[in-house]
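The file upload.txt contains compact mmCIF, C-alpha atoms:
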```txt
# COMPACT_ATOMS: atom_id res chain seq x y z
CA MET A 246 -20.04 6.11 -56.49
CA SER A 247 -22.28 9.00 -55.48
CA ARG A 248 -20.99 11.71 -53.16
CA ILE A 249 -23.68 10.87 -50.57
CA PHE A 250 -22.76 7.19 -50.58
CA LEU A 251 -19.04 8.03 -50.35
CA CYS A 252 -19.65 10.29 -47.34
CA TYR A 253 -21.72 7.56 -45.70
CA ALA A 254 -19.04 4.92 -46.34
CA LEU A 255 -16.33 7.18 -44.90
CA ALA A 256 -18.48 7.84 -41.82
CA VAL A 257 -19.01 4.10 -41.31
CA ASP A 258 -15.27 3.41 -41.67
CA LYS A 259 -14.47 6.19 -39.21
CA ARG A 260 -16.96 4.83 -36.69
CA ALA A 261 -15.60 1.29 -37.10
CA ALA A 262 -12.06 2.54 -36.51
CA SER A 263 -13.21 4.42 -33.40
CA VAL A 264 -14.94 1.31 -32.02
CA SER A 265 -11.80 -0.72 -32.69
CA ARG A 266 -9.63 1.80 -30.84
CA VAL A 267 -11.97 1.77 -27.86
CA SER A 268 -11.90 -2.03 -27.79
CA ASP A 269 -8.09 -1.99 -27.89
CA ILE A 270 -7.95 0.39 -24.92
CA VAL A 271 -10.46 -1.74 -22.99
CA THR A 272 -8.38 -4.85 -23.63
CA GLN A 273 -5.10 -3.22 -22.58
CA LEU A 274 -6.52 -1.69 -19.41
CA ARG A 275 -8.39 -4.87 -18.53
CA GLU A 276 -5.19 -6.90 -18.91
CA ALA A 277 -3.27 -4.40 -16.75
CA ILE A 278 -5.93 -4.72 -14.03
CA PHE A 279 -5.96 -8.52 -14.11
CA GLU A 280 -2.15 -8.62 -13.98
CA ASN A 281 -2.03 -6.12 -11.07
CA ARG A 282 -0.03 -3.60 -13.12
CA LEU A 283 -2.97 -1.34 -12.31
CA PRO A 284 -3.71 -2.47 -8.75
CA PRO A 285 -6.98 -1.95 -6.87
CA GLY A 286 -7.39 1.70 -5.93
CA ALA A 287 -4.91 2.94 -8.57
CA PRO A 288 -5.99 6.14 -10.37
CA ILE A 289 -6.48 6.06 -14.13
CA ARG A 290 -6.07 9.48 -15.69
CA GLU A 291 -7.71 9.95 -19.07
CA LEU A 292 -5.12 12.40 -20.41
CA THR A 293 -2.19 10.20 -19.38
CA VAL A 294 -3.70 7.09 -20.97
CA ALA A 295 -4.60 9.04 -24.12
CA ARG A 296 -1.02 10.29 -24.51
CA GLU A 297 0.56 6.91 -23.80
CA MET A 298 -1.71 5.07 -26.23
CA GLY A 299 -1.91 7.76 -28.91
CA VAL A 300 -5.68 8.18 -28.85
CA SER A 301 -8.13 10.93 -27.93
CA GLN A 302 -9.45 11.49 -24.42
CA ALA A 303 -12.93 10.78 -25.78
CA THR A 304 -11.75 7.30 -26.82
CA VAL A 305 -10.29 6.67 -23.37
CA ARG A 306 -13.45 7.98 -21.72
CA GLU A 307 -15.61 5.55 -23.69
CA ALA A 308 -13.26 2.68 -22.80
CA LEU A 309 -13.48 3.60 -19.11
CA GLN A 310 -17.27 3.66 -19.33
CA ARG A 311 -17.18 0.08 -20.60
CA LEU A 312 -14.83 -0.96 -17.80
CA GLU A 313 -17.08 0.77 -15.28
CA HIS A 314 -20.06 -1.19 -16.60
CA ALA A 315 -18.01 -4.37 -16.12
CA GLY A 316 -17.27 -3.34 -12.52
CA LEU A 317 -13.51 -3.09 -13.04
CA VAL A 318 -13.19 0.65 -12.44
CA THR A 319 -15.02 3.19 -10.32
CA ARG A 320 -15.72 6.66 -11.67
CA LYS A 321 -16.73 9.55 -9.41
CA ALA A 322 -17.52 13.12 -10.39
CA ASN A 323 -14.66 15.51 -9.62
CA LEU A 324 -12.57 12.64 -8.25
CA GLY A 325 -11.73 10.78 -11.44
CA THR A 326 -11.42 7.06 -12.14
CA THR A 327 -9.78 4.37 -10.02
CA VAL A 328 -9.43 0.62 -10.32
CA THR A 329 -12.17 -0.99 -8.28
CA ARG A 330 -11.15 -2.12 -4.80
CA LEU A 331 -13.69 -4.52 -3.36
CA SER A 332 -14.60 -4.61 0.30
CA PRO A 333 -15.09 -7.99 1.99
CA LYS A 334 -18.82 -7.18 1.96
CA ASP A 335 -18.70 -6.53 -1.80
CA VAL A 336 -16.93 -9.84 -2.38
CA ARG A 337 -19.34 -11.81 -0.20
CA GLU A 338 -22.41 -10.32 -1.86
CA ARG A 339 -21.06 -10.98 -5.34
CA VAL A 340 -19.94 -14.51 -4.45
CA ASP A 341 -23.32 -15.42 -2.93
CA LEU A 342 -25.19 -13.99 -5.91
CA ARG A 343 -22.90 -15.72 -8.39
CA ALA A 344 -23.30 -19.06 -6.61
CA SER A 345 -27.08 -18.86 -6.84
CA LEU A 346 -27.24 -17.59 -10.43
CA GLU A 347 -24.55 -19.91 -11.77
CA ALA A 348 -26.16 -22.97 -10.21
CA MET A 349 -29.40 -21.96 -11.93
CA ALA A 350 -27.62 -21.49 -15.27
CA ALA A 351 -25.81 -24.82 -14.94
CA GLU A 352 -29.06 -26.68 -14.22
CA GLN A 353 -30.64 -25.17 -17.31
CA ALA A 354 -27.51 -25.82 -19.39
CA SER A 355 -27.34 -29.49 -18.43
CA LEU A 356 -30.75 -30.08 -20.01
CA ARG A 357 -29.59 -28.62 -23.32
CA MET A 358 -25.98 -29.78 -23.58
CA ARG A 359 -25.03 -32.59 -25.96
CA GLU A 360 -21.68 -34.18 -26.78
CA PRO A 361 -20.56 -31.37 -29.15
CA ASP A 362 -21.20 -28.90 -26.31
CA PHE A 363 -19.15 -30.95 -23.88
CA ALA A 364 -16.37 -31.17 -26.48
CA LYS A 365 -16.30 -27.36 -26.69
CA LEU A 366 -16.29 -27.14 -22.90
CA GLU A 367 -13.32 -29.52 -22.75
CA LEU A 368 -11.49 -27.31 -25.28
CA ARG A 369 -11.91 -24.36 -22.93
CA LEU A 370 -10.56 -26.48 -20.11
CA ASP A 371 -7.53 -27.37 -22.28
CA GLU A 372 -6.92 -23.64 -22.88
CA LEU A 373 -7.04 -23.06 -19.14
CA ALA A 374 -4.57 -25.89 -18.55
CA GLN A 375 -2.18 -24.47 -21.15
CA ALA A 376 -2.24 -21.02 -19.56
CA ILE A 377 -1.60 -22.55 -16.16
CA ARG A 378 1.34 -24.63 -17.39
CA THR A 379 3.06 -21.43 -18.56
CA ASP A 380 2.09 -19.36 -15.49
CA ARG A 381 0.18 -16.78 -17.52
CA TYR A 382 -2.16 -15.35 -14.91
CA TYR A 383 -4.20 -13.04 -17.13
CA GLU A 384 -4.69 -15.73 -19.77
CA ALA A 385 -5.59 -18.24 -17.06
CA ALA A 386 -8.22 -15.90 -15.62
CA GLN A 387 -9.68 -15.28 -19.09
CA ALA A 388 -9.74 -18.99 -19.93
CA ASP A 389 -11.38 -19.73 -16.57
CA LEU A 390 -14.01 -17.06 -17.21
CA GLU A 391 -14.64 -18.36 -20.75
CA PHE A 392 -15.17 -21.88 -19.38
CA HIS A 393 -17.90 -20.59 -17.09
CA ARG A 394 -19.34 -18.27 -19.74
CA TYR A 395 -19.80 -21.22 -22.07
CA VAL A 396 -21.84 -23.03 -19.43
CA TRP A 397 -23.97 -19.91 -18.95
CA GLN A 398 -24.49 -19.59 -22.71
CA CYS A 399 -25.59 -23.21 -22.95
CA SER A 400 -28.46 -22.35 -20.60
CA GLY A 401 -30.03 -20.37 -23.44
CA ASN A 402 -30.96 -17.67 -20.91
CA ASP A 403 -29.53 -14.39 -22.22
CA MET A 404 -30.59 -12.31 -19.22
CA LEU A 405 -28.97 -14.78 -16.85
CA CYS A 406 -25.74 -14.60 -18.88
CA ARG A 407 -25.69 -10.80 -18.69
CA LEU A 408 -26.33 -10.78 -14.94
CA LEU A 409 -23.62 -13.35 -14.31
CA ASP A 410 -21.13 -11.39 -16.39
CA LEU A 411 -21.90 -8.21 -14.45
CA VAL A 412 -21.57 -9.92 -11.08
CA THR A 413 -18.60 -12.15 -11.86
CA VAL A 414 -16.01 -10.23 -13.91
CA PRO A 415 -14.69 -8.20 -10.91
CA LEU A 416 -14.39 -11.44 -8.94
CA PHE A 417 -12.23 -12.98 -11.68
CA ALA A 418 -10.01 -9.89 -11.60
CA PHE A 419 -9.64 -10.38 -7.83
CA VAL A 420 -8.83 -14.07 -8.35
CA SER A 421 -6.22 -13.25 -10.99
CA ILE A 422 -4.47 -10.79 -8.65
CA MET A 423 -4.50 -13.25 -5.76
CA ARG A 424 -3.04 -15.99 -7.94
CA SER A 425 -0.32 -13.68 -9.26
CA GLN A 426 0.70 -13.03 -5.65
CA GLY A 427 1.01 -16.74 -4.92
CA LEU A 428 -2.11 -16.87 -2.76
CA GLN A 429 -3.52 -19.74 -4.79
CA LYS A 430 -1.62 -22.37 -6.74
CA LEU A 431 -2.57 -22.39 -10.40
CA THR A 432 -2.05 -26.15 -10.58
CA ALA A 433 -5.14 -26.67 -8.42
CA VAL A 434 -7.41 -24.75 -10.76
CA VAL A 435 -7.98 -27.32 -13.54
CA ALA A 436 -8.72 -30.09 -11.05
CA GLU A 437 -11.46 -27.93 -9.53
CA HIS A 438 -13.31 -27.85 -12.87
CA GLY A 439 -13.52 -31.62 -13.34
CA PRO A 440 -16.40 -32.06 -10.86
CA LEU A 441 -18.32 -29.30 -12.66
CA VAL A 442 -18.16 -31.15 -15.98
CA ASP A 443 -19.07 -34.45 -14.30
CA ALA A 444 -22.05 -32.83 -12.60
CA LEU A 445 -23.28 -31.34 -15.88
CA ARG A 446 -23.03 -34.74 -17.56
CA SER A 447 -25.03 -36.35 -14.74
CA LYS A 448 -28.01 -34.01 -15.33
CA ASP A 449 -28.73 -34.46 -11.63
CA ALA A 450 -30.06 -31.07 -10.44
CA ALA A 451 -28.97 -31.51 -6.81
CA ARG A 452 -25.47 -32.63 -7.82
CA ILE A 453 -25.12 -29.74 -10.28
CA ARG A 454 -26.23 -27.18 -7.72
CA ALA A 455 -23.86 -28.52 -5.07
CA ALA A 456 -20.88 -28.64 -7.46
CA PHE A 457 -21.37 -25.15 -8.86
CA GLU A 458 -22.13 -23.55 -5.51
CA LYS A 459 -18.94 -25.04 -4.09
CA GLY A 460 -16.97 -23.98 -7.17
CA ALA A 461 -18.27 -20.42 -6.91
CA THR A 462 -17.46 -19.96 -3.23
CA SER A 463 -14.49 -22.12 -2.17
CA PHE A 464 -11.70 -19.82 -3.41
CA TYR A 465 -13.02 -16.76 -1.61
CA ASP A 466 -13.71 -18.18 1.85
CA PRO A 467 -10.15 -17.67 3.19
CA PHE A 468 -10.26 -14.00 2.17
CA LEU A 469 -13.61 -13.42 3.84
CA GLY A 470 -12.73 -14.88 7.22
CA ASP A 471 -10.37 -13.48 9.83
CA GLY A 472 -7.28 -15.45 8.84
CA GLY A 473 -3.96 -14.61 7.25
CA GLU A 474 -5.21 -14.59 3.67
CA ARG A 475 -7.64 -11.79 4.40
CA ALA A 476 -5.02 -9.84 6.35
CA ALA A 477 -2.59 -10.21 3.42
CA ALA A 478 -5.20 -9.05 0.92
CA GLU A 479 -5.97 -6.00 3.04
CA ALA A 480 -2.29 -5.23 3.68
CA PHE A 481 -1.52 -5.23 -0.05
CA GLY A 482 -4.58 -3.12 -0.83
CA PHE A 483 -6.41 -5.83 -2.78
CA LEU A 484 -9.33 -5.60 -0.34
CA GLU A 485 -10.56 -2.59 1.55
CA VAL A 486 -9.52 -2.65 5.18
CA SER A 487 -12.42 -3.72 7.36
CA SER A 488 -13.94 -1.00 9.50
```

Let me see whether you can do it: turn the structure in this file into structure tokens.
Amino acid sequence: MSRIFLCYALAVDKRAASVSRVSDIVTQLREAIFENRLPPGAPIRELTVAREMGVSQATVREALQRLEHAGLVTRKANLGTTVTRLSPKDVRERVDLRASLEAMAAEQASLRMREPDFAKLELRLDELAQAIRTDRYYEAAQADLEFHRYVWQCSGNDMLCRLLDLVTVPLFAFVSIMRSQGLQKLTAVVAEHGPLVDALRSKDAARIRAAFEKGATSFYDPFLGDGGERAAAEAFGFLEVSS
């Protein structure tokens, strides 16, 4: 093996190890956010995370950049990084945009989906049900997100998938926190997905749009009104207090 090739191979291995470490940090911080161990508004200090996880600050910084791109943390110059705390306005705008985009993706997906695709979708629903049976909130949120991601992917529209991911991931973090606080029963979650599958199978555009728009908005309505759920979310710091 030539010296040049050896140096190149070592550089590739080093880069691969660095990428793996960043991914590990992203996964651990993401899980902590979804499980409310890092609650909305909590500071994330690069040096502290680096020491606790045995990595460099540069590795943590890259992980935080990825989380910022996903909308899970907010980074401000001279102020540091905090877990994203959504305002009611933020939630409403994201929910409305998700409802419109997801209905579009579902309509496109229904035209492309065949029985093997529905079988894979049912597998994701089974994973969601298993997480719910064991009260694993993070796993339930991830399984729920993967169910919806699969529908988006079946649309064949890559740009639409990327937009939906950007808009939706912070909403799923919010949902996971609310569920962990008992503000939604996990047992209701699987039943809510049945009409989505039925609508996709029907290939009826109006039915699909109605089902996915309802699915995208129904959970959030109590937190966006003036009732007790919103007051509880604000009191616990999960939503910004309304001005």

Taking the point (1.9, -13.1, -9.2) as given in the file, collect each protein or nucleic acid residue that comes within 9 Å of it, counting all atoms listed in the file, and present the set as a PyMOL selection string.
-> chain A and resi 280-281+380+382+421-428

Kindly extract all protein, DNA and RNA residues lying within 12 Å of the coordinates (-11.5, -3.2, 5.8) given in the file, considering all atoms listed in the file, and supply them as a PyMOL selection string.
-> chain A and resi 330-336+468-471+475-488

Tell me, counting all atoms listed in the file, for each residue of stretch 274-324 of chain A within 9 Å of stretch 383-391 of chain A, which pair of atoms is nearest and how far apart they are in Å to one decimal, in rows ordered by chain and increasing number, as JSON lines.
```
{"residue": "A:Glu276", "atom": "CA", "partner": "A:Tyr383", "partner_atom": "CA", "distance": 6.5}
{"residue": "A:Ala277", "atom": "CA", "partner": "A:Tyr383", "partner_atom": "CA", "distance": 8.7}
{"residue": "A:Phe279", "atom": "CA", "partner": "A:Tyr383", "partner_atom": "CA", "distance": 5.7}
{"residue": "A:Glu280", "atom": "CA", "partner": "A:Tyr383", "partner_atom": "CA", "distance": 5.8}
```

Residue nearest A:Arg337 among A:Ala364, A:Ala461, A:Ala303, A:Leu409 (counting only C-alpha atoms) | A:Ala461

Nearby residues (all atoms listed in the file) at most 10 Å from A:Gly460, same-chain spacing under 2 positions excluded, as a PDB file with C-alpha atoms, in the frame of the given file:
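part-v2.pdb was written with the following content:
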```
ATOM      1  CA  ALA A 344     -23.300 -19.060  -6.610  1.00  0.00           C
ATOM      2  CA  GLU A 347     -24.550 -19.910 -11.770  1.00  0.00           C
ATOM      3  CA  ALA A 348     -26.160 -22.970 -10.210  1.00  0.00           C
ATOM      4  CA  GLU A 437     -11.460 -27.930  -9.530  1.00  0.00           C
ATOM      5  CA  HIS A 438     -13.310 -27.850 -12.870  1.00  0.00           C
ATOM      6  CA  PRO A 440     -16.400 -32.060 -10.860  1.00  0.00           C
ATOM      7  CA  LEU A 441     -18.320 -29.300 -12.660  1.00  0.00           C
ATOM      8  CA  ARG A 454     -26.230 -27.180  -7.720  1.00  0.00           C
ATOM      9  CA  ALA A 455     -23.860 -28.520  -5.070  1.00  0.00           C
ATOM     10  CA  ALA A 456     -20.880 -28.640  -7.460  1.00  0.00           C
ATOM     11  CA  PHE A 457     -21.370 -25.150  -8.860  1.00  0.00           C
ATOM     12  CA  GLU A 458     -22.130 -23.550  -5.510  1.00  0.00           C
ATOM     13  CA  THR A 462     -17.460 -19.960  -3.230  1.00  0.00           C
ATOM     14  CA  SER A 463     -14.490 -22.120  -2.170  1.00  0.00           C
ATOM     15  CA  PHE A 464     -11.700 -19.820  -3.410  1.00  0.00           C
ATOM     16  CA  TYR A 465     -13.020 -16.760  -1.610  1.00  0.00           C
TER      17      TYR A 465
END
```

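Considering the residues A:Ala354, A:Val412, A:Asp449, A:Gly472 and counting all atoms listed in the file, A:Arg339 has its shortest atom-to-atom contact with A:Val412.
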
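With all atoms listed in the file as the atoms that count, the residue of A:Arg266, A:Arg296, A:Arg378, A:Arg407 with the shortest distance to A:Ala315 is A:Arg407.
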
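Going from atom CA of A:Glu372 over to atom CA of A:Glu352, you cover 24.0 Å.
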
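Shortest atom-to-atom contact with A:Leu368 among A:Phe392, A:Gly316, A:Ala287, A:Leu416: A:Phe392, counting only C-alpha atoms.
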
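Rounded to one decimal, atom CA of A:Thr304 and atom CA of A:Phe417 lie 25.3 Å from each other.
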
Would you list the contacts of stretch 317-329 of chain A as a VMD selection string, taking every protein, DNA or RNA residue within 7 Å and counting all atoms listed in the file, but skipping same-chain residues closer than 3 positions in sequence?
-> chain A and resid 284 to 290 312 to 313 415
